[in-house]
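Here is the structure we will look at.
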Amino acid sequence: MKNKVQNYITEKSLFKREDKLILGISGGADSVCLMHILLSLGYSFELAHCNFNLRGEESNADEYFVKELAKKYQLKIYVKHFDTLVYATKNKISPQMAARDLRYAWFEKLLIKSSAKYLAIAHHANDDVETFFINLVRGSGLKGFLGIKEKNNTIVRPLLSVSRLEIEQYLKESGLVFREDSSNASVKYLRNKIRHELMPLLAEMNPSIQQTVKGEMKILEGVAQIYAAKVEKVRKDLIQEKNGIVKFKISALLAINPFYNYLYEFLSPYGFYTVEAISKALQGQSGKQFFSATHQLVVDRENIFISLLNKDNEVFEITEKTIGLVHPLEIKFKITDDKTIIYDNNIAQLDFEKLKFPLTLQKWKQGDKFMPLGMKKFKKLSDFFIDNKFSIIDKQEQWLLCSDLDIVWLVGCRIDERYKLETNTKKVYIAQL
């Protein structure tokens with residue numbers, strides 16, 4: 001089995017002999033097996049153990065066991081305790097999902113702290129097949145049927161080519177002891193229900209079900225590559241992106257076939273996985289808004305707009321010495337004596353002596369008003385937006401350059417009449433988007 005694992009590491013280019021690894025170890029059969037094999041093969045690694053405090057004394061016994069293992073094999077070990085239930089309650093997720101989030105967030109920090117290149121996880125072939133059925137039950141699109149990746153950025157899985165039975169045989173032949181997680185026997189968890197009930201039932205109908213599913217996953221992997229290339233080509237034809245805002249023309253979306261599949265693939269990267277409601281909104285519910293954990297989607301009259309969720313209370317100060325910003329917008333600032341008028345909405349030429357520093361860059365709010373260039377009276381921004389056919393997303397993304405309480409530039413649109421260049425202007429303040 002050691003040769004099988006070594007061949008898999010080499011074939012999949014998981015890591016090199018000189019690479020330092022962190023091995024996630026629970027004390028269970030899989031991680032103990034991986035630890036022993038990597039030691040036997042001469043790889044350099046350190047251990048990392050998570051105590052999620054979900055099983056009382058059993059969790060503490062697991063921690064003690066892995067510490068003793070580390071001592072026995074003279075391996076450095078990192079141990080982290082988590083208040084998993086508190087995190088789960090706060091984030092309104094299951095304890096299992098909370099444990100996963102906490103575990104990988106800590107592992108990521110640990111890789112940096114320890115200067116290790118990869119995190120080795122002991123997922124095996126049975127886990128891979130079980131994940132296929134979990135994704136089938138939950139619904140995940142084509143990507144969910146491709147199985148667990150053997151290498152995903154800094155995460156490597158050297159045991160994906162071996163079965164649980166092979167692991168058990170190796171442990172028995174090597175005389176290795178391990179901890180058994182009592183929760184693994186409970187079928188209230190979906191993975192365990194699939195492992196203990198569905199897989200034996202399928203094995204009755206097809207004794208080679210593990211190999212059959214793995215073979216189908218291999219075929220689907222090729223299908224997915226062809227599918228992804230086609231989706232990306234169509235996406236590039238339809239998408240427009242400017243200043244971090246993604247735009248799809250609704251009429252173009254409705255014209256593609258199969259519409260639902262393309263819509264799912266276009267929107268899922270932004271966290272929108274259930275697209276039925278969005279699909280219905282495209283049929284005429286202008287102004288409808290949807291939110292994922294990270295993004296906002298707005299169905300406007302002719303377009304879908306997708307943007308990062310706003311932080312409306314952000315205010316950025318600009319002093320006389322500020323020469324530019326890169327966040328939240330890329331803007332350059334300079335002071336000049338040249339009063340030549342530039343006709344470009346992305347450039348604001350303002351009378352320097354009328355400005356009060358520091359200027360601020362901020363989002364608009366209801367009730368804001370300014371005096372648009374060429375007018376002699378104030379206009380509410382909300383009315384200005386309507387007159388100039390701003391979409392909902394345009395309004396939400398609109399920034400203002402302000403001097404004291406005055407709006408001096410509706411960024412990228414119009415300056416204020418009171419701050420325009422006059423014949424007696426001595427210095428010109430230029431803000432260029």
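Quick note on naming: the chains in the structure tokens go A, B, ... in the order shown, residues restart at 1 in each chain, and ligands are numbered from 1 in order of appearance.
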
Which residues of stretch 240-303 of chain A come within 10 Å of stretch 222-231 of chain A, and what is each one's closest atom pair and distance in Å (one decimal), counting only C-alpha atoms, sorted by chain and residue number, as a Markdown table?
```
| residue | atom | partner | partner_atom | distance |
| --- | --- | --- | --- | --- |
| A:Asn261 | CA | A:Val231 | CA | 9.2 |
| A:Tyr262 | CA | A:Val231 | CA | 6.8 |
| A:Leu263 | CA | A:Val231 | CA | 9.9 |
| A:Glu265 | CA | A:Val231 | CA | 7.3 |
| A:Phe266 | CA | A:Val231 | CA | 8.1 |
```

Write out the residues from the selection above, keeping N, CA and C atoms, as a tab-separated table (two decimals), in the first residue's frame.
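New file again_15.tsv:
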```tsv
chain	number	residue	atom	x	y	z
A	261	ASN	N	-29.33	26.35	-17.31
A	261	ASN	CA	-27.96	25.87	-17.03
A	261	ASN	C	-26.95	27.01	-17.11
A	262	TYR	N	-27.07	27.80	-18.17
A	262	TYR	CA	-26.15	28.92	-18.31
A	262	TYR	C	-26.33	29.92	-17.17
A	263	LEU	N	-27.57	30.20	-16.81
A	263	LEU	CA	-27.82	31.17	-15.73
A	263	LEU	C	-27.18	30.70	-14.43
A	265	GLU	N	-24.58	28.72	-14.06
A	265	GLU	CA	-23.11	28.80	-14.16
A	265	GLU	C	-22.63	30.25	-14.11
A	266	PHE	N	-23.39	31.18	-14.66
A	266	PHE	CA	-23.00	32.59	-14.63
A	266	PHE	C	-23.11	33.18	-13.23
```

Report task. Run DSSP on the backbone and grab whatever in stretch 268-347 of chain A lands in alpha helix (DSSP H); send it over as a PyMOL selection string. Result -> chain A and resi 276-281

Requested in this report: Mind checking which residues fall within 12 Å of A:Phe259, counting only C-alpha atoms, ignoring those fewer than 3 positions away in the same chain, and posting them as an MDAnalysis selection string?
Outcome: chainID A and resid 231 234 250:256 262:266 275:276 279:280 282

Requested in this report: Looking only at strand (DSSP E) from DSSP on the backbone, list the matching residues of stretch 42-174 of chain A as a list in words.
Outcome: Phe45, Glu46, Leu47, Ala48, His49, Cys50, Asn51, Ile77, Tyr78, Val79, Lys80, His81, Tyr118, Leu119, Ala120, Lys151, Asn152, Ile155 and Val156 of chain A

**Report entry** Residue neighbourhood stretch 9-19 of chain A, 8 Å, only C-alpha atoms, exclusion window fewer than 2 positions, as a list in words
**Finding:** Val5, Gln6, Asn7, Leu21, Gly42, Tyr43, Ser44, Ala116, Lys117, Tyr118, Glu150, Lys151, Val156, Arg157 and Pro158 of chain A

Next, dump the selected residues to file, keeping only N, CA and C atoms, as a PDB file, in the first residue's frame.
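Result file out.pdb:
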```
ATOM      1  N   VAL A   5       0.503   4.497  -2.534  1.00  0.00           N
ATOM      2  CA  VAL A   5       0.379   5.902  -2.130  1.00  0.00           C
ATOM      3  C   VAL A   5       1.502   6.730  -2.740  1.00  0.00           C
ATOM      4  N   GLN A   6       2.727   6.204  -2.711  1.00  0.00           N
ATOM      5  CA  GLN A   6       3.854   6.929  -3.299  1.00  0.00           C
ATOM      6  C   GLN A   6       3.648   7.158  -4.795  1.00  0.00           C
ATOM      7  N   ASN A   7       3.172   6.146  -5.492  1.00  0.00           N
ATOM      8  CA  ASN A   7       2.919   6.277  -6.925  1.00  0.00           C
ATOM      9  C   ASN A   7       1.852   7.334  -7.203  1.00  0.00           C
ATOM     10  N   LEU A  21       5.267  19.605   5.126  1.00  0.00           N
ATOM     11  CA  LEU A  21       3.826  19.391   5.186  1.00  0.00           C
ATOM     12  C   LEU A  21       3.293  19.596   6.601  1.00  0.00           C
ATOM     13  N   GLY A  42       9.460   8.640   4.310  1.00  0.00           N
ATOM     14  CA  GLY A  42      10.523   9.611   4.552  1.00  0.00           C
ATOM     15  C   GLY A  42      10.163  11.060   4.318  1.00  0.00           C
ATOM     16  N   TYR A  43       8.888  11.369   4.375  1.00  0.00           N
ATOM     17  CA  TYR A  43       8.485  12.765   4.178  1.00  0.00           C
ATOM     18  C   TYR A  43       8.574  13.550   5.488  1.00  0.00           C
ATOM     19  N   SER A  44       8.792  14.850   5.376  1.00  0.00           N
ATOM     20  CA  SER A  44       8.898  15.734   6.540  1.00  0.00           C
ATOM     21  C   SER A  44       7.567  16.428   6.774  1.00  0.00           C
ATOM     22  N   ALA A 116       5.023  25.854   6.194  1.00  0.00           N
ATOM     23  CA  ALA A 116       4.773  24.609   5.466  1.00  0.00           C
ATOM     24  C   ALA A 116       4.150  24.934   4.108  1.00  0.00           C
ATOM     25  N   LYS A 117       4.373  24.056   3.150  1.00  0.00           N
ATOM     26  CA  LYS A 117       3.879  24.316   1.796  1.00  0.00           C
ATOM     27  C   LYS A 117       2.483  23.743   1.564  1.00  0.00           C
ATOM     28  N   TYR A 118       2.215  22.555   2.168  1.00  0.00           N
ATOM     29  CA  TYR A 118       0.931  21.897   1.916  1.00  0.00           C
ATOM     30  C   TYR A 118       0.315  21.352   3.203  1.00  0.00           C
ATOM     31  N   GLU A 150      -7.741  15.806  -5.596  1.00  0.00           N
ATOM     32  CA  GLU A 150      -6.547  15.290  -4.926  1.00  0.00           C
ATOM     33  C   GLU A 150      -5.597  16.424  -4.520  1.00  0.00           C
ATOM     34  N   LYS A 151      -5.698  17.556  -5.231  1.00  0.00           N
ATOM     35  CA  LYS A 151      -4.875  18.713  -4.903  1.00  0.00           C
ATOM     36  C   LYS A 151      -5.681  19.965  -5.178  1.00  0.00           C
ATOM     37  N   VAL A 156      -3.631  18.786  -0.011  1.00  0.00           N
ATOM     38  CA  VAL A 156      -3.336  17.564  -0.768  1.00  0.00           C
ATOM     39  C   VAL A 156      -3.953  16.366  -0.050  1.00  0.00           C
ATOM     40  N   ARG A 157      -4.350  15.365  -0.861  1.00  0.00           N
ATOM     41  CA  ARG A 157      -5.018  14.191  -0.304  1.00  0.00           C
ATOM     42  C   ARG A 157      -4.368  12.921  -0.867  1.00  0.00           C
ATOM     43  N   PRO A 158      -3.311  12.459  -0.220  1.00  0.00           N
ATOM     44  CA  PRO A 158      -2.528  11.319  -0.743  1.00  0.00           C
ATOM     45  C   PRO A 158      -3.245   9.978  -0.714  1.00  0.00           C
TER      46      PRO A 158
END
```

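Shortest separation to A:Ile112 among A:Ser163, A:Ile22, A:Asn152, A:Gly56 occurs at residue A:Ile22, atoms counted being only C-alpha atoms.
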
Query raised in the report: Contacts of A:Trp106 at 10 Å or less, counting only C-alpha atoms, minus same-chain residues fewer than 6 places along, as number ranges by chain?
Result: A: 48, 50, 80

Query raised in the report: What lies within 6 Å of stretch 369-375 of chain A using only C-alpha atoms, ignoring chain neighbours under 3 positions off, as a ChimeraX atom specification?
Result: /A:378-381,407,415-417

Atoms to include: C-alpha atoms. Write the selected residues as a CSV table (one decimal), in the first residue's frame.
```csv
chain,number,residue,atom,x,y,z
A,378,PHE,CA,-30.4,72.9,-6.2
A,379,LYS,CA,-31.5,69.5,-7.3
A,380,LYS,CA,-32.0,66.4,-5.2
A,381,LEU,CA,-29.7,63.6,-6.1
A,407,ILE,CA,-21.1,68.0,-2.9
A,415,ILE,CA,-19.5,68.9,-10.9
A,416,ASP,CA,-21.4,71.5,-8.8
A,417,GLU,CA,-22.0,74.9,-10.4
```

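Using only C-alpha atoms, the shortest contact distance between A:Ile37 and any of A:Leu433, A:Leu201, A:Leu159, A:Ala70 is found at A:Leu159.
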